[in-house]
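For reference, model06.cif (mmCIF, C-alpha atoms):
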```
data_input
#
loop_
_atom_site.label_atom_id
_atom_site.label_comp_id
_atom_site.auth_asym_id
_atom_site.auth_seq_id
_atom_site.Cartn_x
_atom_site.Cartn_y
_atom_site.Cartn_z
CA MET A 1 -129.57 -71.06 60.60
CA ALA A 2 -128.30 -68.08 58.66
CA SER A 3 -124.82 -68.08 57.20
CA LEU A 4 -122.32 -65.91 59.04
CA LYS A 5 -120.36 -65.22 55.85
CA PRO A 6 -120.12 -61.43 55.39
CA LEU A 7 -121.44 -59.81 52.26
CA SER A 8 -119.07 -58.20 49.79
CA ILE A 9 -120.42 -54.70 49.15
CA SER A 10 -119.37 -52.10 46.58
CA ILE A 11 -120.36 -48.50 47.30
CA VAL A 12 -119.96 -46.08 44.41
CA GLY A 13 -119.35 -42.62 45.84
CA SER A 14 -117.76 -41.51 49.08
CA GLY A 15 -119.83 -38.52 50.08
CA ILE A 16 -122.03 -38.41 53.16
CA ALA A 17 -124.39 -41.17 51.99
CA GLY A 18 -121.62 -43.53 50.92
CA LEU A 19 -119.45 -43.06 53.99
CA ALA A 20 -122.35 -43.36 56.42
CA ALA A 21 -123.56 -46.55 54.71
CA ALA A 22 -120.01 -47.93 54.76
CA THR A 23 -119.81 -47.24 58.50
CA ALA A 24 -123.08 -49.01 59.25
CA LEU A 25 -122.23 -52.01 57.07
CA ARG A 26 -118.67 -52.51 58.37
CA ARG A 27 -120.05 -52.51 61.91
CA ASN A 28 -122.23 -55.42 60.80
CA GLY A 29 -119.11 -57.31 59.73
CA HIS A 30 -119.50 -56.92 55.97
CA ILE A 31 -116.60 -56.36 53.56
CA VAL A 32 -117.05 -52.89 52.11
CA SER A 33 -115.22 -51.32 49.19
CA MET A 34 -115.89 -47.68 48.22
CA VAL A 35 -114.93 -46.22 44.86
CA GLN A 36 -114.68 -42.53 44.06
CA PHE A 37 -113.52 -40.99 40.81
CA ASP A 38 -112.67 -37.53 42.17
CA SER A 39 -110.04 -37.36 44.89
CA LYS A 40 -111.39 -33.98 46.06
CA ILE A 41 -114.78 -34.28 47.74
CA GLY A 42 -117.06 -31.67 49.25
CA GLY A 43 -117.25 -27.95 48.74
CA GLU A 44 -116.37 -24.63 50.23
CA GLY A 45 -119.03 -22.83 52.15
CA GLU A 46 -121.27 -25.80 52.83
CA THR A 47 -122.95 -26.55 56.12
CA THR A 48 -125.28 -29.37 56.91
CA LYS A 49 -127.89 -30.18 59.50
CA TRP A 50 -128.83 -33.56 60.90
CA THR A 51 -131.57 -34.99 63.06
CA PRO A 52 -131.33 -37.11 66.24
CA ALA A 53 -130.65 -40.85 66.42
CA LEU A 54 -128.84 -41.13 63.09
CA THR A 55 -125.36 -42.12 64.26
CA PRO A 56 -123.87 -42.08 67.77
CA PRO A 57 -121.29 -39.32 67.12
CA LEU A 58 -123.99 -37.03 65.68
CA GLU A 59 -126.46 -36.72 68.51
CA GLU A 60 -127.02 -33.02 69.19
CA HIS A 61 -130.48 -31.97 68.04
CA ASN A 62 -130.69 -29.75 64.97
CA LEU A 63 -126.93 -29.11 64.92
CA LEU A 64 -125.21 -27.24 62.12
CA CYS A 65 -121.66 -28.05 61.12
CA HIS A 66 -119.30 -27.50 58.24
CA ARG A 67 -119.92 -30.19 55.65
CA SER A 68 -116.24 -31.03 55.29
CA ASP A 69 -116.01 -31.62 59.07
CA LEU A 70 -118.93 -34.04 58.91
CA ARG A 71 -117.44 -35.84 55.95
CA ALA A 72 -114.04 -36.12 57.66
CA GLU A 73 -115.64 -37.68 60.73
CA LEU A 74 -117.67 -40.12 58.62
CA GLU A 75 -114.53 -41.08 56.71
CA ARG A 76 -112.76 -41.79 59.99
CA LEU A 77 -115.66 -43.97 61.11
CA ALA A 78 -115.76 -45.82 57.78
CA ILE A 79 -112.09 -46.50 57.06
CA GLY A 80 -110.35 -45.94 60.40
CA PRO A 81 -109.98 -48.23 63.40
CA GLY A 82 -113.29 -49.39 64.77
CA GLU A 83 -115.88 -52.11 64.96
CA GLY A 84 -115.80 -54.56 62.07
CA PRO A 85 -113.43 -54.69 59.09
CA ALA A 86 -112.48 -51.20 57.92
CA ALA A 87 -113.95 -50.17 54.59
CA VAL A 88 -111.45 -49.62 51.78
CA LEU A 89 -111.63 -46.38 49.79
CA HIS A 90 -110.36 -46.38 46.21
CA THR A 91 -110.01 -42.94 44.63
CA SER A 92 -109.41 -42.15 40.95
CA SER A 93 -111.64 -45.14 40.12
CA LYS A 94 -114.20 -44.27 37.46
CA VAL A 95 -117.16 -46.63 37.15
CA VAL A 96 -118.45 -46.88 33.58
CA GLY A 97 -120.79 -49.84 33.89
CA CYS A 98 -122.91 -51.78 36.37
CA ASP A 99 -124.50 -55.18 35.81
CA THR A 100 -127.31 -54.99 38.33
CA ALA A 101 -128.18 -58.69 37.91
CA SER A 102 -124.72 -59.94 38.91
CA GLY A 103 -123.42 -57.02 41.01
CA ALA A 104 -120.47 -56.44 38.67
CA LEU A 105 -118.91 -52.99 38.30
CA THR A 106 -116.84 -52.16 35.23
CA PHE A 107 -114.15 -49.49 35.54
CA ALA A 108 -112.68 -47.18 32.92
CA ASP A 109 -109.40 -49.09 33.02
CA GLY A 110 -111.18 -52.33 32.11
CA ARG A 111 -111.31 -53.91 35.55
CA VAL A 112 -114.46 -55.73 36.61
CA VAL A 113 -115.26 -56.11 40.31
CA GLN A 114 -118.00 -58.43 41.55
CA ALA A 115 -120.02 -57.85 44.74
CA ASP A 116 -123.05 -59.25 46.52
CA LEU A 117 -124.52 -55.75 46.79
CA VAL A 118 -123.92 -52.48 44.91
CA LEU A 119 -124.96 -49.15 46.42
CA GLY A 120 -125.05 -46.11 44.16
CA ALA A 121 -124.20 -43.14 46.36
CA ASP A 122 -122.63 -41.25 43.48
CA GLY A 123 -124.60 -38.04 43.74
CA ILE A 124 -126.95 -36.05 41.58
CA SER A 125 -125.16 -37.05 38.34
CA SER A 126 -125.20 -40.73 39.29
CA THR A 127 -123.85 -43.35 36.89
CA ILE A 128 -125.46 -46.19 38.85
CA ARG A 129 -128.89 -44.52 38.51
CA THR A 130 -128.70 -44.89 34.73
CA HIS A 131 -128.12 -48.64 35.03
CA ILE A 132 -130.90 -49.11 37.58
CA LEU A 133 -133.46 -47.13 35.57
CA GLY A 134 -132.28 -48.28 32.16
CA ARG A 135 -132.30 -44.66 31.02
CA VAL A 136 -130.61 -41.35 31.74
CA GLN A 137 -132.30 -39.11 34.31
CA LYS A 138 -130.73 -35.66 34.24
CA SER A 139 -131.00 -33.28 37.16
CA ILE A 140 -133.66 -30.58 36.92
CA PRO A 141 -132.55 -26.93 37.26
CA SER A 142 -134.57 -24.91 39.76
CA GLY A 143 -133.57 -21.56 38.32
CA MET A 144 -132.01 -20.64 41.67
CA THR A 145 -128.25 -20.25 42.22
CA GLY A 146 -126.39 -19.95 45.49
CA HIS A 147 -123.22 -17.90 45.94
CA ARG A 148 -121.30 -19.72 48.66
CA THR A 149 -118.26 -19.26 50.85
CA VAL A 150 -117.25 -19.30 54.50
CA LEU A 151 -116.28 -16.20 56.46
CA ASP A 152 -114.03 -15.84 59.48
CA ALA A 153 -116.34 -15.07 62.41
CA SER A 154 -113.59 -13.25 64.32
CA LYS A 155 -113.11 -10.80 61.44
CA LEU A 156 -116.83 -10.17 61.14
CA ALA A 157 -116.93 -9.44 64.88
CA LEU A 158 -114.60 -6.47 64.27
CA ILE A 159 -117.19 -4.79 62.04
CA PRO A 160 -119.70 -2.93 64.29
CA GLU A 161 -122.38 -2.93 61.58
CA LEU A 162 -122.42 -6.74 61.66
CA ASP A 163 -122.95 -7.27 65.39
CA TRP A 164 -126.48 -8.56 64.57
CA ILE A 165 -124.96 -11.77 63.18
CA ALA A 166 -123.78 -12.96 66.58
CA ALA A 167 -126.41 -11.23 68.70
CA GLY A 168 -129.17 -13.19 70.44
CA GLU A 169 -129.68 -16.92 70.04
CA SER A 170 -127.22 -18.86 67.92
CA GLY A 171 -128.65 -20.16 64.66
CA ILE A 172 -129.44 -19.31 61.08
CA ARG A 173 -129.80 -15.68 60.00
CA ALA A 174 -132.09 -15.54 56.95
CA VAL A 175 -133.15 -12.56 54.84
CA TYR A 176 -135.64 -13.18 52.02
CA SER A 177 -136.40 -10.87 49.11
CA GLN A 178 -138.79 -10.68 46.18
CA SER A 179 -136.82 -8.27 44.02
CA PRO A 180 -134.59 -9.94 43.16
CA VAL A 181 -136.21 -13.22 44.22
CA GLY A 182 -133.73 -14.83 46.57
CA ALA A 183 -132.28 -14.94 50.04
CA LEU A 184 -129.23 -14.23 52.16
CA LEU A 185 -128.46 -17.07 54.56
CA LEU A 186 -125.79 -16.98 57.26
CA TYR A 187 -125.00 -20.12 59.28
CA PRO A 188 -122.59 -20.40 62.23
CA CYS A 189 -120.46 -23.52 62.11
CA ARG A 190 -117.26 -25.09 63.46
CA LYS A 191 -118.06 -24.00 67.02
CA ASN A 192 -118.99 -20.48 65.85
CA THR A 193 -115.53 -19.80 64.41
CA LEU A 194 -116.88 -19.69 60.85
CA VAL A 195 -119.96 -18.22 59.27
CA ASN A 196 -121.34 -19.96 56.21
CA PHE A 197 -122.46 -17.47 53.57
CA ASN A 198 -125.05 -18.36 50.93
CA ALA A 199 -126.66 -15.67 48.80
CA ILE A 200 -129.37 -17.17 46.60
CA VAL A 201 -130.81 -15.51 43.51
CA GLN A 202 -132.97 -16.43 40.55
CA GLU A 203 -130.82 -17.19 37.52
CA LYS A 204 -132.34 -18.24 34.20
CA ASN A 205 -129.17 -19.09 32.29
CA GLN A 206 -128.19 -22.25 34.19
CA GLU A 207 -128.22 -24.38 31.05
CA ASP A 208 -125.96 -22.03 29.06
CA PRO A 209 -122.65 -23.63 28.01
CA ASP A 210 -120.74 -20.58 29.24
CA TRP A 211 -122.37 -20.57 32.69
CA SER A 212 -119.66 -19.80 35.25
CA ALA A 213 -119.24 -21.73 38.52
CA SER A 214 -117.76 -18.70 40.29
CA ALA A 215 -118.47 -15.02 40.79
CA THR A 216 -116.40 -12.06 41.91
CA ARG A 217 -117.19 -10.09 45.06
CA GLU A 218 -118.14 -7.13 42.87
CA GLU A 219 -120.59 -9.25 40.87
CA VAL A 220 -122.28 -10.44 44.04
CA GLN A 221 -122.47 -6.90 45.39
CA THR A 222 -124.12 -5.75 42.16
CA ILE A 223 -126.70 -8.55 42.24
CA PHE A 224 -127.66 -7.80 45.83
CA ALA A 225 -127.26 -4.02 45.72
CA GLY A 226 -130.98 -3.64 46.45
CA TYR A 227 -130.66 -5.22 49.89
CA HIS A 228 -130.88 -2.91 52.90
CA SER A 229 -127.70 -1.07 53.89
CA GLN A 230 -127.59 -3.16 57.08
CA PHE A 231 -126.57 -6.16 54.98
CA GLN A 232 -124.14 -4.53 52.57
CA PRO A 233 -121.09 -4.93 54.91
CA VAL A 234 -121.61 -8.70 54.65
CA PHE A 235 -121.19 -8.58 50.88
CA ALA A 236 -118.20 -6.24 51.24
CA SER A 237 -116.54 -8.85 53.52
CA LEU A 238 -116.55 -11.57 50.87
CA PRO A 239 -113.32 -12.90 49.39
CA GLU A 240 -112.44 -11.82 45.87
CA THR A 241 -114.15 -14.90 44.38
CA VAL A 242 -116.98 -17.11 45.64
CA LEU A 243 -118.37 -20.38 44.34
CA LYS A 244 -121.68 -20.55 42.51
CA TRP A 245 -123.92 -23.55 43.11
CA GLN A 246 -126.86 -24.43 40.92
CA MET A 247 -129.77 -25.68 43.02
CA ARG A 248 -130.95 -28.77 41.14
CA THR A 249 -133.20 -31.69 41.95
CA ILE A 250 -133.95 -35.26 40.91
CA PRO A 251 -137.67 -35.89 40.32
CA PRO A 252 -139.39 -38.90 41.91
CA LEU A 253 -138.01 -42.03 40.26
CA GLU A 254 -139.97 -45.09 39.26
CA THR A 255 -137.61 -47.23 41.32
CA TRP A 256 -134.46 -47.04 43.42
CA VAL A 257 -133.49 -50.69 43.08
CA ARG A 258 -132.81 -53.30 40.45
CA GLY A 259 -131.36 -56.75 41.03
CA LEU A 260 -128.43 -56.40 43.43
CA ALA A 261 -128.13 -52.61 43.17
CA ALA A 262 -129.79 -49.66 44.89
CA LEU A 263 -129.54 -45.88 45.06
CA LEU A 264 -129.21 -43.72 48.14
CA GLY A 265 -128.56 -40.08 48.96
CA ASP A 266 -128.65 -37.48 46.18
CA ALA A 267 -128.48 -40.20 43.52
CA ALA A 268 -132.00 -41.19 44.59
CA HIS A 269 -133.58 -37.99 45.87
CA ALA A 270 -131.53 -34.82 45.40
CA MET A 271 -133.65 -31.98 46.80
CA LEU A 272 -133.62 -28.23 47.25
CA PRO A 273 -131.88 -27.05 50.45
CA SER A 274 -134.81 -25.00 51.74
CA LEU A 275 -135.43 -27.38 54.66
CA GLY A 276 -131.74 -28.25 55.14
CA GLN A 277 -132.51 -31.98 54.91
CA GLY A 278 -130.44 -33.32 52.00
CA ALA A 279 -127.63 -34.66 54.17
CA ALA A 280 -130.07 -35.81 56.85
CA MET A 281 -131.96 -37.92 54.31
CA ALA A 282 -128.66 -39.45 53.19
CA LEU A 283 -127.88 -40.38 56.80
CA GLU A 284 -131.34 -41.85 57.22
CA ASP A 285 -130.78 -43.95 54.08
CA ALA A 286 -127.54 -45.25 55.59
CA ALA A 287 -129.25 -46.07 58.89
CA ALA A 288 -131.86 -48.09 57.00
CA VAL A 289 -129.20 -49.99 55.05
CA GLY A 290 -127.43 -50.85 58.29
CA ALA A 291 -130.63 -52.15 59.89
CA LEU A 292 -131.73 -54.18 56.85
CA PHE A 293 -128.36 -55.86 56.26
CA PRO A 294 -127.29 -57.17 59.69
CA ALA A 295 -124.49 -59.68 60.20
CA GLY A 296 -125.39 -63.04 58.73
CA THR A 297 -127.53 -61.69 55.87
CA PRO A 298 -127.39 -64.35 53.12
CA ALA A 299 -126.38 -63.13 49.67
CA ALA A 300 -129.54 -64.76 48.29
CA ASP A 301 -131.64 -62.36 50.39
CA VAL A 302 -130.16 -59.16 48.93
CA PRO A 303 -133.00 -58.47 46.43
CA ALA A 304 -135.65 -58.84 49.16
CA ARG A 305 -133.69 -56.57 51.52
CA LEU A 306 -133.36 -53.94 48.78
CA ALA A 307 -137.10 -54.09 48.11
CA ALA A 308 -137.64 -53.46 51.82
CA PHE A 309 -135.16 -50.55 51.72
CA GLU A 310 -137.11 -48.91 48.92
CA ALA A 311 -140.46 -49.50 50.62
CA LEU A 312 -139.16 -47.91 53.82
CA ARG A 313 -137.16 -44.99 52.46
CA LYS A 314 -138.65 -43.89 49.14
CA PRO A 315 -141.98 -42.48 50.43
CA ARG A 316 -140.34 -40.48 53.23
CA ALA A 317 -137.43 -39.09 51.21
CA GLU A 318 -139.71 -38.08 48.34
CA TRP A 319 -142.14 -36.44 50.78
CA VAL A 320 -139.30 -34.36 52.28
CA ALA A 321 -138.15 -33.51 48.75
CA ARG A 322 -141.66 -32.28 47.85
CA GLU A 323 -141.84 -30.12 50.97
CA SER A 324 -138.36 -28.77 50.20
CA GLU A 325 -139.48 -27.98 46.66
CA PHE A 326 -142.46 -26.02 47.97
CA GLY A 327 -140.30 -24.08 50.41
CA GLY A 328 -137.63 -23.40 47.81
CA ARG A 329 -140.15 -22.13 45.28
CA THR A 330 -141.78 -19.77 47.80
CA SER A 331 -138.67 -18.06 49.22
CA GLY A 332 -139.44 -14.42 49.82
CA THR A 333 -143.08 -15.08 50.69
CA SER A 334 -144.86 -15.83 53.95
CA TRP A 335 -144.17 -19.59 53.73
CA ASN A 336 -142.95 -21.04 57.00
CA VAL A 337 -142.27 -24.56 58.24
CA ALA A 338 -145.37 -25.76 60.08
CA ARG A 339 -144.84 -27.23 63.53
CA GLU A 340 -146.22 -30.59 62.35
CA LEU A 341 -143.73 -30.68 59.47
CA HIS A 342 -140.90 -29.67 61.78
CA THR A 343 -141.82 -32.50 64.16
CA SER A 344 -142.22 -35.08 61.41
CA ILE A 345 -138.78 -34.31 60.05
CA LEU A 346 -136.66 -33.60 63.11
CA GLU A 347 -138.17 -36.07 65.55
CA TYR A 348 -138.15 -39.04 63.19
CA ASP A 349 -135.92 -41.83 64.53
CA ALA A 350 -134.45 -43.44 61.42
CA VAL A 351 -132.67 -46.22 63.29
CA ASN A 352 -135.71 -47.33 65.30
CA ALA A 353 -137.96 -47.07 62.26
CA ALA A 354 -135.62 -49.24 60.19
CA GLU A 355 -135.19 -51.82 62.95
CA ALA A 356 -138.95 -52.07 63.43
CA PHE A 357 -139.45 -52.40 59.68
CA TYR A 358 -136.83 -55.17 59.57
CA LYS A 359 -138.58 -57.14 62.29
CA GLU A 360 -141.92 -56.73 60.55
CA ARG A 361 -140.58 -57.93 57.20
CA PHE A 362 -137.97 -60.52 58.18
CA GLY A 363 -138.52 -61.43 61.82
CA ALA A 364 -136.27 -60.80 64.82
CA GLY A 365 -133.70 -63.49 64.12
CA GLU A 366 -130.18 -62.58 63.01
CA GLY A 367 -129.86 -62.69 59.26
CA ALA A 368 -133.45 -63.91 58.98
#
```
Would you mind giving the structure from this file in structure tokens?
Amino acid sequence: MASLKPLSISIVGSGIAGLAAATALRRNGHIVSMVQFDSKIGGEGETTKWTPALTPPLEEHNLLCHRSDLRAELERLAIGPGEGPAAVLHTSSKVVGCDTASGALTFADGRVVQADLVLGADGISSTIRTHILGRVQKSIPSGMTGHRTVLDASKLALIPELDWIAAGESGIRAVYSQSPVGALLLYPCRKNTLVNFNAIVQEKNQEDPDWSASATREEVQTIFAGYHSQFQPVFASLPETVLKWQMRTIPPLETWVRGLAALLGDAAHAMLPSLGQGAAMALEDAAAVGALFPAGTPAADVPARLAAFEALRKPRAEWVARESEFGGRTSGTSWNVARELHTSILEYDAVNAAEAFYKERFGAGEGA
């Protein structure tokens, strides 16, 4: 009979992947501790899209929302009142080392914290990834940069030239160009009260030491001056300064797991946003973790469960990343998402898939 002792779990990173995994694992009765070096998480002008059957509060098909709203809800589910012991979030805690064999994390202040399981959800510049791979894997620049902010939908509605943004069916407004190579993307979010703005352009100086993470409204207007006059009022409506976001990826890794540690989210498979699936893949990772580590999972079984996690998640996430790479590299051409690809991504049930995989690998018994 399996032990009912909960696992002690350290999650490095408290973004979407980390918080969603913490929610799933606390509901299974495990003791979860999250560590995050930066107290400020998320970014301005970010929306995200998820697929069905990922978590109960996120059920509407193909729904767009402001990323900070999604993160706030996931944080509430992870550390607020609810099923199972609430996860504990430690901010200003910088991890400098990870012993994957013992599950020990070393912090910048000298503390060492032991756990039965370590999950590296620490993003594209992951520290845990280095310890799992035994080498540094830097992110790969795509040569594309997004200029991002959010606009007040009520103010845009006062500009007659921009009535096309709200006209017709609600959804993404996308304009692609070949000179310059790039795109203008407008996303409604927060119940249509905000419009996410993302103007993407090819930029070859991303590795320059003096590369700036912001741009003025005038700089953006100059870059996109060749766009049709119909779109120029959008650029004129920008705030004085917008954020710049380098679109970078992580190539397929030789492994996501080592010993008692595993990667999930952008730490494992950061991808281009052309299919809008980065956050969705992070949520799918979390769903798989929840299914593979039910209540009663013995600590001795952690390596086998992590091997199953990689076998289940790595092929799918890397396939979506490849398709995103193709779409991102062909912006401004006739590339479109095929119906089969759309179905394979949006109709995939991550929870059912993970539960079926668990039964196949470990049997139907609790903590088997």
- Answer key for the PyMOL selection byres ((chain A and resi 166) around 12), residues as a PyMOL selection string: chain A and resi 153-154+156-165+167-173+186-189+192-195
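Nearest residue to Ala183 of chain A, choosing from A:Ser237, A:Ser274, A:Thr127, A:Thr100 and counting all atoms listed in the file: A:Ser274.
The space separating atom CA of Lys94 of chain A from atom CA of Leu74 of chain A comes to 21.8 Å.
For Gly278 of chain A, the list of residues within 10 Å, based on only C-alpha atoms and with local chain neighbours fewer than 4 positions off taken out, reads Ile16, Ala17, Thr48, Lys49, Trp50, Gly265, Asp266, His269, Ala270, Met271, Leu272, Pro273, Ser274, Ala282, Leu283, Ala317, Val320, Ala321 and Ser324 of chain A.
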- Task: Please determine the residues with any atom at most 8 Å from (-120.9, -52.2, 37.6) (coordinates as given in the file, with only C-alpha atoms counting) and report them as a PyMOL selection string.
- Result: chain A and resi 95-100+103-107+112-114+118+128
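Nearest to Val150 of chain A of all the residues A:Ala295, A:Leu77, A:Leu4, A:Cys65 is A:Cys65, counting all atoms listed in the file.
The set of protein, DNA and RNA residues with any counted atom at most 9 Å from (-139.0, -42.0, 35.2) (only C-alpha atoms) reads A:Leu133, A:Arg135, A:Gln137, A:Pro251, A:Pro252, A:Leu253, A:Glu254, A:Thr255.
Computed from the coordinates, the atom CA of Leu184 of chain A to atom CA of Pro209 of chain A distance equals 26.7 Å.
A straight line drawn from atom CA of Gln178 of chain A to atom CA of Asn205 of chain A is 18.9 Å long.
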- Message: Quick one: residues within 8 Å of Ser102 of chain A, only C-alpha atoms, excluding same-chain residues fewer than 6 positions away - as a count of residues only?
- Response: 5
- Task: List the neighbours of Thr149 of chain A out to 12 Å using all atoms listed in the file; skip same-chain residues closer than 2 positions along the sequence, and give me the result as a PyMOL selection string.
- Result: chain A and resi 43-47+66+146-147+151-152+185-187+194-199+214-217+220+234-235+237-245
- Task: Could you list the residues chosen by the PyMOL selection byres ((chain A and resi 346-358) around 6) in this structure as number ranges by chain?
- Result: A: 51, 53, 284, 287-288, 291-292, 342-345, 359-362
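Applied to this file, the PyMOL selection byres ((chain A and resi 33) around 6) selects A:Ser10, A:Val32, A:Met34, A:Ala87, A:Val88.
Residue nearest Lys204 of chain A, chosen from A:Leu312, A:Ser142, A:Met281, A:Val175 and counting all atoms listed in the file: A:Ser142.
When all atoms listed in the file are used to compute distances to Ser8 of chain A, the closest of the residues A:Leu117, A:Val35, A:Pro85, A:Val302 turns out to be A:Leu117.
Minimum atom-to-atom distances from A:Ala24, A:Ala304, A:Ala225, A:Leu275 to Gly82 of chain A were compared using only C-alpha atoms, and the lowest value belongs to A:Ala24.
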- Spatial neighbours of Gly226 of chain A, max dist 10 Å, only C-alpha atoms, sep filter under 6 positions, as a list in words: Ser177, Ser179, Pro180 and Gln232 of chain A
- Do a neighbour search on Ser92 of chain A at 9 Å with only C-alpha atoms, toss out local chain neighbours closer than 4 positions, and write the hits as a ChimeraX atom specification. /A:35-39
